[in-house]
$ cat my_file.txt   # compact mmCIF, C-alpha atoms
# COMPACT_ATOMS: atom_id res chain seq x y z
CA MET A 1 155.74 123.87 167.92
CA GLY A 2 154.81 126.68 165.50
CA VAL A 3 156.95 125.13 162.77
CA SER A 4 155.25 121.74 163.28
CA ILE A 5 151.78 123.27 163.01
CA THR A 6 152.82 125.20 159.92
CA ARG A 7 154.07 122.00 158.31
CA THR A 8 150.82 120.19 159.20
CA VAL A 9 148.72 122.99 157.70
CA THR A 10 150.95 123.18 154.64
CA GLY A 11 150.69 119.39 154.19
CA ALA A 12 146.89 119.43 154.49
CA VAL A 13 146.58 122.28 152.00
CA HIS A 14 148.92 120.46 149.62
CA ASP A 15 146.85 117.28 149.95
CA LEU A 16 143.67 119.20 149.15
CA TYR A 17 145.30 120.86 146.17
CA GLU A 18 146.59 117.53 144.89
CA GLY A 19 143.12 116.03 145.39
CA THR A 20 141.42 118.77 143.38
CA GLU A 21 143.94 118.24 140.59
CA LYS A 22 143.08 114.54 140.56
CA VAL A 23 139.37 115.41 140.31
CA LYS A 24 140.09 117.79 137.43
CA GLU A 25 141.80 114.88 135.67
CA GLY A 26 138.74 112.71 136.21
CA ASP A 27 140.22 110.53 138.95
CA PHE A 28 137.48 110.22 141.59
CA SER A 29 139.11 107.26 143.34
CA HIS A 30 141.77 109.43 144.94
CA ARG A 31 141.45 109.99 148.70
CA ILE A 32 143.49 112.43 150.74
CA ALA A 33 145.02 111.87 154.18
CA VAL A 34 143.08 113.37 157.09
CA ARG A 35 145.45 115.20 159.47
CA GLY A 36 144.34 116.14 162.97
CA ALA A 37 140.86 117.23 164.05
CA ASP A 38 140.64 120.86 162.99
CA GLN A 39 138.73 122.59 160.19
CA LEU A 40 141.26 121.45 157.60
CA ALA A 41 140.74 117.86 158.73
CA GLU A 42 136.97 118.29 158.43
CA LEU A 43 137.46 119.77 154.97
CA SER A 44 139.58 116.77 154.04
CA LEU A 45 136.83 114.41 155.24
CA GLU A 46 134.23 116.30 153.21
CA PHE A 47 136.48 116.13 150.17
CA ASN A 48 136.77 112.34 150.53
CA ARG A 49 133.00 112.00 150.97
CA MET A 50 132.44 114.14 147.87
CA THR A 51 134.79 112.11 145.68
CA GLU A 52 133.32 108.85 147.00
CA ASN A 53 129.80 110.01 146.13
CA LEU A 54 130.93 111.25 142.72
CA GLN A 55 132.61 107.92 142.02
CA ARG A 56 129.41 106.09 142.98
CA LEU A 57 127.29 108.37 140.80
CA ILE A 58 129.60 107.83 137.85
CA VAL A 59 129.26 104.06 138.22
CA VAL A 60 125.46 104.41 138.35
CA GLU A 61 125.46 106.73 135.34
CA LYS A 62 127.60 104.34 133.32
CA GLU A 63 125.23 101.50 134.17
CA LYS A 64 122.27 103.64 133.10
CA GLU A 65 124.02 104.45 129.83
CA ARG A 66 124.71 100.75 129.26
CA LEU A 67 121.08 99.81 129.93
CA SER A 68 119.85 102.66 127.76
CA SER A 69 122.09 101.48 124.93
CA GLU A 70 120.83 97.92 125.28
CA LEU A 71 117.21 99.13 125.33
CA GLU A 72 117.85 101.19 122.21
CA ILE A 73 119.20 98.09 120.48
CA ALA A 74 116.15 96.13 121.67
CA ARG A 75 113.85 98.87 120.37
CA ASP A 76 115.55 98.77 116.99
CA VAL A 77 115.24 94.98 116.83
CA GLN A 78 111.59 95.15 117.85
CA GLN A 79 110.75 97.76 115.23
CA ARG A 80 112.17 95.43 112.61
CA LEU A 81 109.66 92.75 113.70
CA PHE A 82 106.69 94.92 112.78
CA PRO A 83 105.61 94.93 109.12
CA LYS A 84 107.86 97.24 107.14
CA ALA A 85 105.07 98.58 104.92
CA ALA A 86 101.34 98.38 104.32
CA LEU A 87 100.08 95.28 102.54
CA SER A 88 97.43 95.08 99.83
CA LEU A 89 95.43 92.53 97.92
CA PRO A 90 93.17 93.66 95.06
CA SER A 91 90.20 94.02 97.42
CA ILE A 92 91.74 94.99 100.76
CA HIS A 93 94.44 97.27 102.18
CA LEU A 94 96.11 96.62 105.56
CA SER A 95 98.27 98.94 107.63
CA GLY A 96 99.25 99.29 111.25
CA ILE A 97 101.26 101.34 113.71
CA CYS A 98 102.63 100.97 117.25
CA HIS A 99 103.67 103.89 119.48
CA PRO A 100 105.49 102.51 122.55
CA ALA A 101 105.07 104.28 125.88
CA GLN A 102 108.58 103.16 126.80
CA GLN A 103 111.61 102.27 124.70
CA VAL A 104 110.18 98.84 123.93
CA SER A 105 106.57 97.77 123.58
CA GLY A 106 104.45 94.88 124.79
CA ASP A 107 101.92 95.57 122.03
CA TYR A 108 101.98 93.50 118.88
CA TYR A 109 100.55 93.70 115.41
CA ASP A 110 101.33 91.81 112.25
CA PHE A 111 99.96 90.98 108.82
CA LEU A 112 101.23 88.84 106.00
CA ARG A 113 100.16 87.37 102.69
CA LEU A 114 99.40 83.64 102.71
CA GLU A 115 99.92 81.18 99.88
CA ASN A 116 96.23 80.69 99.00
CA SER A 117 95.38 84.27 97.94
CA SER A 118 94.46 85.24 101.47
CA MET A 119 95.92 87.47 104.15
CA ALA A 120 96.47 86.98 107.89
CA MET A 121 96.29 89.79 110.42
CA ALA A 122 96.91 89.91 114.16
CA ILE A 123 97.04 92.35 117.04
CA GLY A 124 97.84 91.70 120.69
CA ASP A 125 98.67 93.28 124.02
CA VAL A 126 101.04 91.49 126.40
CA ALA A 127 100.38 91.91 130.12
CA GLY A 128 103.01 94.15 131.68
CA LYS A 129 105.56 96.48 130.16
CA GLY A 130 109.25 96.70 129.44
CA MET A 131 111.73 94.12 128.22
CA SER A 132 109.90 90.99 129.41
CA ALA A 133 106.70 92.02 127.60
CA ALA A 134 108.69 92.86 124.45
CA LEU A 135 110.42 89.47 124.51
CA LEU A 136 107.08 87.68 124.83
CA MET A 137 105.74 89.76 121.96
CA ALA A 138 108.65 88.62 119.79
CA THR A 139 108.01 85.00 120.81
CA ILE A 140 104.35 85.29 119.83
CA GLN A 141 105.24 86.67 116.42
CA SER A 142 107.72 83.88 115.77
CA ALA A 143 105.29 81.18 116.91
CA MET A 144 102.41 82.57 114.85
CA ARG A 145 104.44 82.95 111.68
CA SER A 146 105.87 79.45 112.02
CA GLN A 147 102.33 78.07 112.11
CA LEU A 148 101.38 79.99 108.98
CA THR A 149 104.45 79.13 106.89
CA GLY A 150 103.43 76.81 104.07
CA ALA A 151 99.92 76.25 105.46
CA ALA A 152 97.34 75.57 102.73
CA GLU A 153 94.39 76.07 105.09
CA VAL A 154 94.46 78.15 108.25
CA SER A 155 92.11 77.72 111.18
CA THR A 156 92.18 80.86 113.31
CA ALA A 157 90.90 78.97 116.35
CA ARG A 158 93.63 76.36 116.00
CA VAL A 159 96.37 78.99 115.64
CA VAL A 160 95.21 80.81 118.78
CA SER A 161 94.80 77.54 120.71
CA LEU A 162 98.37 76.51 119.89
CA LEU A 163 99.67 79.94 120.91
CA ASN A 164 97.76 79.63 124.17
CA ARG A 165 99.38 76.30 125.02
CA GLN A 166 102.86 77.53 124.09
CA ILE A 167 102.61 80.71 126.16
CA TYR A 168 101.10 78.87 129.13
CA ALA A 169 103.84 76.21 129.06
CA ASN A 170 106.77 78.60 128.69
CA THR A 171 105.94 81.66 130.81
CA GLY A 172 104.93 82.49 134.36
CA PRO A 173 101.27 82.69 135.45
CA GLU A 174 101.35 86.51 135.35
CA LYS A 175 102.17 86.51 131.63
CA TYR A 176 99.34 86.40 129.13
CA VAL A 177 98.20 88.32 126.08
CA THR A 178 94.96 89.61 124.62
CA PHE A 179 95.04 88.46 121.01
CA TYR A 180 92.94 88.96 117.89
CA PHE A 181 93.75 86.89 114.80
CA GLY A 182 91.95 86.98 111.46
CA VAL A 183 92.31 85.57 107.96
CA TYR A 184 90.81 87.37 104.97
CA ASP A 185 89.96 85.34 101.87
CA GLU A 186 90.47 87.38 98.70
CA ALA A 187 88.28 85.10 96.58
CA THR A 188 85.16 85.35 98.77
CA GLY A 189 85.71 88.59 100.73
CA MET A 190 85.17 86.57 103.90
CA LEU A 191 86.99 87.37 107.15
CA THR A 192 87.39 84.50 109.61
CA TYR A 193 88.63 85.50 113.05
CA THR A 194 89.25 84.40 116.63
CA ASN A 195 89.39 86.90 119.47
CA GLY A 196 91.16 85.85 122.68
CA GLY A 197 90.11 88.47 125.21
CA HIS A 198 91.14 91.43 123.04
CA PRO A 199 89.08 94.65 122.76
CA SER A 200 86.46 94.06 120.07
CA PRO A 201 87.61 95.40 116.68
CA ILE A 202 85.24 98.00 115.23
CA LEU A 203 83.69 97.58 111.79
CA LEU A 204 82.28 100.70 110.15
CA ARG A 205 79.83 100.02 107.33
CA ASP A 206 77.73 102.77 105.76
CA GLY A 207 77.73 104.80 108.97
CA THR A 208 76.77 101.78 111.09
CA ILE A 209 78.97 100.38 113.83
CA HIS A 210 79.51 96.64 114.25
CA LYS A 211 81.81 95.00 116.83
CA LEU A 212 83.64 91.75 116.23
CA GLU A 213 82.87 89.77 119.35
CA VAL A 214 85.29 88.07 121.72
CA THR A 215 85.39 84.30 121.13
CA GLY A 216 87.58 83.14 124.03
CA THR A 217 89.56 84.20 127.05
CA VAL A 218 93.01 85.81 127.12
CA VAL A 219 95.81 83.74 125.61
CA GLY A 220 98.31 82.01 127.89
CA ALA A 221 96.40 82.23 131.18
CA PHE A 222 94.86 78.72 131.17
CA ALA A 223 96.19 75.55 129.56
CA ALA A 224 92.84 74.19 128.37
CA SER A 225 91.21 77.38 127.07
CA GLN A 226 88.86 76.83 124.13
CA TYR A 227 88.60 79.27 121.21
CA GLU A 228 85.95 79.63 118.55
CA GLU A 229 85.88 81.13 115.07
CA ARG A 230 83.51 83.68 113.61
CA ARG A 231 83.03 84.67 109.98
CA ILE A 232 81.89 87.94 108.44
CA ALA A 233 81.79 89.08 104.83
CA LEU A 234 83.54 92.41 104.24
CA ALA A 235 81.82 94.67 101.72
CA ALA A 236 83.33 97.41 99.58
CA GLY A 237 83.88 100.54 101.68
CA ASP A 238 84.05 98.68 104.99
CA LEU A 239 86.60 99.93 107.51
CA LEU A 240 87.82 97.50 110.16
CA VAL A 241 89.85 98.94 113.06
CA ALA A 242 91.54 96.79 115.71
CA TYR A 243 93.35 98.50 118.56
CA THR A 244 94.92 97.96 121.98
CA ASP A 245 93.53 99.41 125.18
CA GLY A 246 96.30 102.02 125.23
CA ILE A 247 94.05 103.94 122.81
CA THR A 248 90.83 103.85 124.86
CA GLU A 249 92.02 103.73 128.49
CA PRO A 250 94.09 106.94 128.84
CA GLU A 251 92.52 109.15 131.51
CA ASN A 252 92.10 112.90 131.74
CA ALA A 253 92.74 114.99 134.85
CA TYR A 254 89.39 113.88 136.31
CA GLY A 255 90.08 110.16 135.93
CA GLU A 256 87.74 109.74 132.94
CA MET A 257 88.91 107.33 130.25
CA PHE A 258 89.03 108.38 126.60
CA GLY A 259 86.80 105.40 125.89
CA GLU A 260 85.50 103.47 122.95
CA GLU A 261 82.72 105.91 122.07
CA ARG A 262 85.14 108.80 121.56
CA LEU A 263 87.33 106.57 119.42
CA ILE A 264 84.29 105.63 117.33
CA ASP A 265 83.46 109.33 116.88
CA VAL A 266 86.95 109.90 115.43
CA LEU A 267 86.68 106.84 113.17
CA VAL A 268 83.29 107.91 111.81
CA LYS A 269 84.56 111.43 111.16
CA TYR A 270 87.62 110.27 109.22
CA GLN A 271 86.29 107.00 107.77
CA SER A 272 86.77 108.15 104.19
CA ALA A 273 90.36 109.26 104.84
CA GLY A 274 93.36 107.03 104.31
CA ALA A 275 94.77 104.80 107.03
CA PRO A 276 97.60 107.19 108.02
CA GLU A 277 95.10 110.00 108.63
CA ILE A 278 92.79 107.72 110.64
CA VAL A 279 95.67 106.56 112.83
CA SER A 280 97.05 110.06 113.28
CA ARG A 281 93.69 111.56 114.26
CA SER A 282 92.89 108.70 116.66
CA LEU A 283 96.21 108.94 118.50
CA GLU A 284 96.00 112.74 118.55
CA ALA A 285 92.52 112.67 120.08
CA ALA A 286 93.57 110.20 122.80
CA LEU A 287 96.66 112.26 123.69
CA GLN A 288 94.70 115.51 123.77
CA TRP A 289 92.23 113.87 126.12
CA THR A 290 94.96 113.17 128.68
CA GLY A 291 96.60 116.58 128.39
CA LEU A 292 99.95 114.88 129.02
CA PRO A 293 103.05 115.14 126.83
CA GLU A 294 103.84 111.40 127.15
CA LEU A 295 101.91 108.19 126.51
CA GLN A 296 100.44 106.37 129.50
CA ASP A 297 100.47 103.04 127.66
CA ASP A 298 101.50 101.58 124.32
CA MET A 299 99.15 102.68 121.52
CA THR A 300 98.65 100.30 118.61
CA MET A 301 96.18 100.19 115.72
CA LEU A 302 95.58 97.78 112.85
CA ILE A 303 93.39 99.03 109.99
CA ALA A 304 91.81 97.04 107.16
CA GLN A 305 90.10 98.99 104.35
CA ARG A 306 87.91 97.01 101.94
CA VAL A 307 88.06 98.38 98.41
CA GLY A 308 86.70 97.37 95.05
CA ALA A 309 83.32 95.99 94.11
$ encode --input "my_file.txt" --output "structure tokens"
Amino acid sequence: MGVSITRTVTGAVHDLYEGTEKVKEGDFSHRIAVRGADQLAELSLEFNRMTENLQRLIVVEKEKERLSSELEIARDVQQRLFPKAALSLPSIHLSGICHPAQQVSGDYYDFLRLENSSMAMAIGDVAGKGMSAALLMATIQSAMRSQLTGAAEVSTARVVSLLNRQIYANTGPEKYVTFYFGVYDEATGMLTYTNGGHPSPILLRDGTIHKLEVTGTVVGAFAASQYEERRIALAAGDLLVAYTDGITEPENAYGEMFGEERLIDVLVKYQSAGAPEIVSRSLEAALQWTGLPELQDDMTMLIAQRVGA
């Protein structure tokens, strides 16, 4: 009897040793035989539970790494969709920036030179976050640019109306976008724009604040939405700032939003600075307001500076 027990104990210890060697080699699928109902048997059961949990965690971790890699690729692709550099005509300078809260952004901005000595500019904020919002953002950019390619005359209301119908027809009811779209005419200095439910861009002129009004509802929510155009002449020294609500809606520890008025204070203070300084100071002020190390929402700004006579 003593010899039998000794062999059982020796076998259990050997199994545990062999199991630990397998773990050291990275094999977490190995399970050891459970012998009897004593402490060694309980230890064997715990060993099997441990390796099973480790194997499950490794599978989860590998899946997280795969998703992270795919998101990183998506982020890289998305960054390539944004304008690669600022854009200038003799009388106006355009620049923009997007800081995603996550790896990919549902915010959108764009500007491009048109064929008739004019320039188009756009900024939007897709409802929701993550990959689905980023994909819709990319779709919007593609649809807008396709409408502008080769166009001799551009109606901002027509462009936004077409985008509205396309988004409504091809996405779910929970997907929509706030969207501001403008066209600047170099020859006349006139800005024509349509604003589909987006926060009103701010125009600073000689210390006075003007807001470019909303001219329609959010884009993609209703099939038959109507959009209007507005026109405003930009004068030398004017600063036009369009932004997403990720700039104005961050809250501090007391639940108070940063707000439009604080943003305006920053813009007035740094109006004479270049676009990079204006953007940097605005984002810095919003982040300092929250007291948090990370963004609560995507932060995007589009800045147009009128120069010349």
$ residues_around --input "my_file.txt" --residues "A:Leu112" --least-positions-apart "5" --cutoff "7 Å" --atoms "all atoms listed in the file" --output "PyMOL selection string"
chain A and resi 119-121
$ residues_around --input "my_file.txt" --residues "stretch 181-193 of chain A" --least-positions-apart "4" --cutoff "9 Å" --atoms "all atoms listed in the file" --output "VMD selection string"
chain A and resid 89 to 92 116 to 124 154 to 157 159 to 160 212 215 228 to 235 306
$ closest_residue --input "my_file.txt" --among "A:Ala285, A:Val266, A:Ala134, A:Val59" --to "A:Asp298" --atoms "all atoms listed in the file"
A:Ala134
$ closest_residue --input "my_file.txt" --among "A:Gln271, A:Thr290, A:Gln296, A:Thr139" --to "A:Tyr254" --atoms "only C-alpha atoms"
A:Thr290
$ atom_distance --input "my_file.txt" --atom1 "atom CA of A:Gln288" --atom2 "atom CA of A:Ser95"
23.4 Å
$ atom_distance --input "my_file.txt" --atom1 "atom CA of A:Tyr109" --atom2 "atom CA of A:Phe82"
6.8 Å
$ residues_around --input "my_file.txt" --residues "A:Tyr168" --least-positions-apart "6" --cutoff "7 Å" --atoms "only C-alpha atoms" --output "PyMOL selection string"
chain A and resi 220-223
$ axis_aligned_box --input "my_file.txt" --around "stretch 242-260 of chain A" --padding-each-side "4 Å" --output "AutoDock Vina command-line options"
--center_x 90.9 --center_y 105.9 --center_z 126.0 --size_x 18.8 --size_y 26.2 --size_z 28.6
$ residues_around --input "my_file.txt" --residues "A:Asn252" --least-positions-apart "6" --cutoff "10 Å" --atoms "only C-alpha atoms" --output "list in words"
Phe258, Ala286, Leu287, Gln288, Trp289, Thr290, Gly291 and Leu292 of chain A
$ closest_residue --input "my_file.txt" --among "A:Thr248, A:Asn164, A:Ser88, A:Ser44" --to "A:Ile303" --atoms "all atoms listed in the file"
A:Ser88
$ atom_distance --input "my_file.txt" --atom1 "atom CA of A:Tyr176" --atom2 "atom CA of A:Ile97"
21.6 Å
$ decode --input "my_file.txt" --residues "stretch 88-101 of chain A" --atoms "all heavy atoms" --output "JSON list (two decimals), in the first residue's frame"
[["chain", "number", "residue", "atom", "x", "y", "z"],
["A", 88, "SER", "N", -3.93, 78.20, -49.94],
["A", 88, "SER", "CA", -4.02, 79.66, -50.05],
["A", 88, "SER", "C", -4.38, 80.09, -51.45],
["A", 88, "SER", "O", -3.94, 79.50, -52.45],
["A", 88, "SER", "CB", -2.68, 80.31, -49.65],
["A", 88, "SER", "OG", -2.38, 80.07, -48.30],
["A", 89, "LEU", "N", -5.20, 81.12, -51.51],
["A", 89, "LEU", "CA", -5.39, 81.94, -52.70],
["A", 89, "LEU", "C", -4.77, 83.29, -52.38],
["A", 89, "LEU", "O", -4.40, 83.56, -51.23],
["A", 89, "LEU", "CB", -6.88, 82.08, -53.02],
["A", 89, "LEU", "CG", -7.62, 80.80, -53.45],
["A", 89, "LEU", "CD1", -9.11, 81.09, -53.62],
["A", 89, "LEU", "CD2", -7.04, 80.25, -54.75],
["A", 90, "PRO", "N", -4.63, 84.18, -53.37],
["A", 90, "PRO", "CA", -4.01, 85.48, -53.06],
["A", 90, "PRO", "C", -4.66, 86.23, -51.90],
["A", 90, "PRO", "O", -3.98, 86.93, -51.16],
["A", 90, "PRO", "CB", -4.17, 86.24, -54.38],
["A", 90, "PRO", "CG", -4.12, 85.16, -55.42],
["A", 90, "PRO", "CD", -4.85, 84.01, -54.81],
["A", 91, "SER", "N", -5.99, 86.05, -51.71],
["A", 91, "SER", "CA", -6.67, 86.85, -50.69],
["A", 91, "SER", "C", -7.12, 86.07, -49.47],
["A", 91, "SER", "O", -7.71, 86.65, -48.55],
["A", 91, "SER", "CB", -7.89, 87.54, -51.31],
["A", 91, "SER", "OG", -8.88, 86.59, -51.66],
["A", 92, "ILE", "N", -6.89, 84.76, -49.42],
["A", 92, "ILE", "CA", -7.38, 83.99, -48.28],
["A", 92, "ILE", "C", -6.45, 82.81, -48.00],
["A", 92, "ILE", "O", -5.83, 82.26, -48.92],
["A", 92, "ILE", "CB", -8.83, 83.49, -48.53],
["A", 92, "ILE", "CG1", -9.48, 83.08, -47.21],
["A", 92, "ILE", "CG2", -8.86, 82.35, -49.55],
["A", 92, "ILE", "CD1", -10.99, 82.87, -47.32],
["A", 93, "HIS", "N", -6.37, 82.46, -46.72],
["A", 93, "HIS", "CA", -5.54, 81.33, -46.28],
["A", 93, "HIS", "C", -6.41, 80.39, -45.46],
["A", 93, "HIS", "O", -7.09, 80.82, -44.53],
["A", 93, "HIS", "CB", -4.37, 81.85, -45.44],
["A", 93, "HIS", "CG", -3.49, 80.76, -44.91],
["A", 93, "HIS", "ND1", -2.49, 80.18, -45.67],
["A", 93, "HIS", "CD2", -3.46, 80.15, -43.70],
["A", 93, "HIS", "CE1", -1.88, 79.26, -44.95],
["A", 93, "HIS", "NE2", -2.44, 79.21, -43.76],
["A", 94, "LEU", "N", -6.41, 79.10, -45.80],
["A", 94, "LEU", "CA", -7.22, 78.10, -45.12],
["A", 94, "LEU", "C", -6.36, 77.03, -44.47],
["A", 94, "LEU", "O", -5.40, 76.55, -45.08],
["A", 94, "LEU", "CB", -8.16, 77.41, -46.12],
["A", 94, "LEU", "CG", -9.51, 78.07, -46.42],
["A", 94, "LEU", "CD1", -10.24, 77.28, -47.48],
["A", 94, "LEU", "CD2", -10.36, 78.15, -45.16],
["A", 95, "SER", "N", -6.70, 76.66, -43.25],
["A", 95, "SER", "CA", -6.01, 75.57, -42.58],
["A", 95, "SER", "C", -6.99, 74.89, -41.63],
["A", 95, "SER", "O", -8.02, 75.46, -41.26],
["A", 95, "SER", "CB", -4.79, 76.07, -41.82],
["A", 95, "SER", "OG", -5.17, 77.01, -40.84],
["A", 96, "GLY", "N", -6.67, 73.68, -41.25],
["A", 96, "GLY", "CA", -7.55, 72.95, -40.35],
["A", 96, "GLY", "C", -6.79, 71.90, -39.57],
["A", 96, "GLY", "O", -5.64, 71.57, -39.88],
["A", 97, "ILE", "N", -7.45, 71.36, -38.55],
["A", 97, "ILE", "CA", -6.83, 70.31, -37.74],
["A", 97, "ILE", "C", -7.93, 69.48, -37.10],
["A", 97, "ILE", "O", -9.02, 69.98, -36.80],
["A", 97, "ILE", "CB", -5.91, 70.90, -36.66],
["A", 97, "ILE", "CG1", -5.04, 69.81, -36.05],
["A", 97, "ILE", "CG2", -6.71, 71.63, -35.60],
["A", 97, "ILE", "CD1", -3.91, 70.35, -35.21],
["A", 98, "CYS", "N", -7.66, 68.18, -36.91],
["A", 98, "CYS", "CA", -8.58, 67.30, -36.21],
["A", 98, "CYS", "C", -7.80, 66.48, -35.19],
["A", 98, "CYS", "O", -6.82, 65.81, -35.54],
["A", 98, "CYS", "CB", -9.29, 66.37, -37.19],
["A", 98, "CYS", "SG", -10.34, 65.13, -36.38],
["A", 99, "HIS", "N", -8.22, 66.54, -33.92],
["A", 99, "HIS", "CA", -7.64, 65.73, -32.86],
["A", 99, "HIS", "C", -8.68, 64.69, -32.44],
["A", 99, "HIS", "O", -9.65, 65.03, -31.75],
["A", 99, "HIS", "CB", -7.24, 66.59, -31.65],
["A", 99, "HIS", "CG", -5.95, 67.31, -31.83],
["A", 99, "HIS", "ND1", -4.74, 66.66, -31.88],
["A", 99, "HIS", "CD2", -5.67, 68.63, -31.97],
["A", 99, "HIS", "CE1", -3.77, 67.56, -32.04],
["A", 99, "HIS", "NE2", -4.32, 68.75, -32.11],
["A", 100, "PRO", "N", -8.52, 63.43, -32.84],
["A", 100, "PRO", "CA", -9.52, 62.41, -32.47],
["A", 100, "PRO", "C", -9.46, 62.07, -30.98],
["A", 100, "PRO", "O", -8.39, 62.03, -30.38],
["A", 100, "PRO", "CB", -9.11, 61.19, -33.32],
["A", 100, "PRO", "CG", -8.13, 61.70, -34.33],
["A", 100, "PRO", "CD", -7.47, 62.89, -33.70],
["A", 101, "ALA", "N", -10.62, 61.81, -30.39],
["A", 101, "ALA", "CA", -10.66, 61.35, -29.01],
["A", 101, "ALA", "C", -10.30, 59.87, -28.94],
["A", 101, "ALA", "O", -9.75, 59.41, -27.95],
["A", 101, "ALA", "CB", -12.06, 61.57, -28.43]]
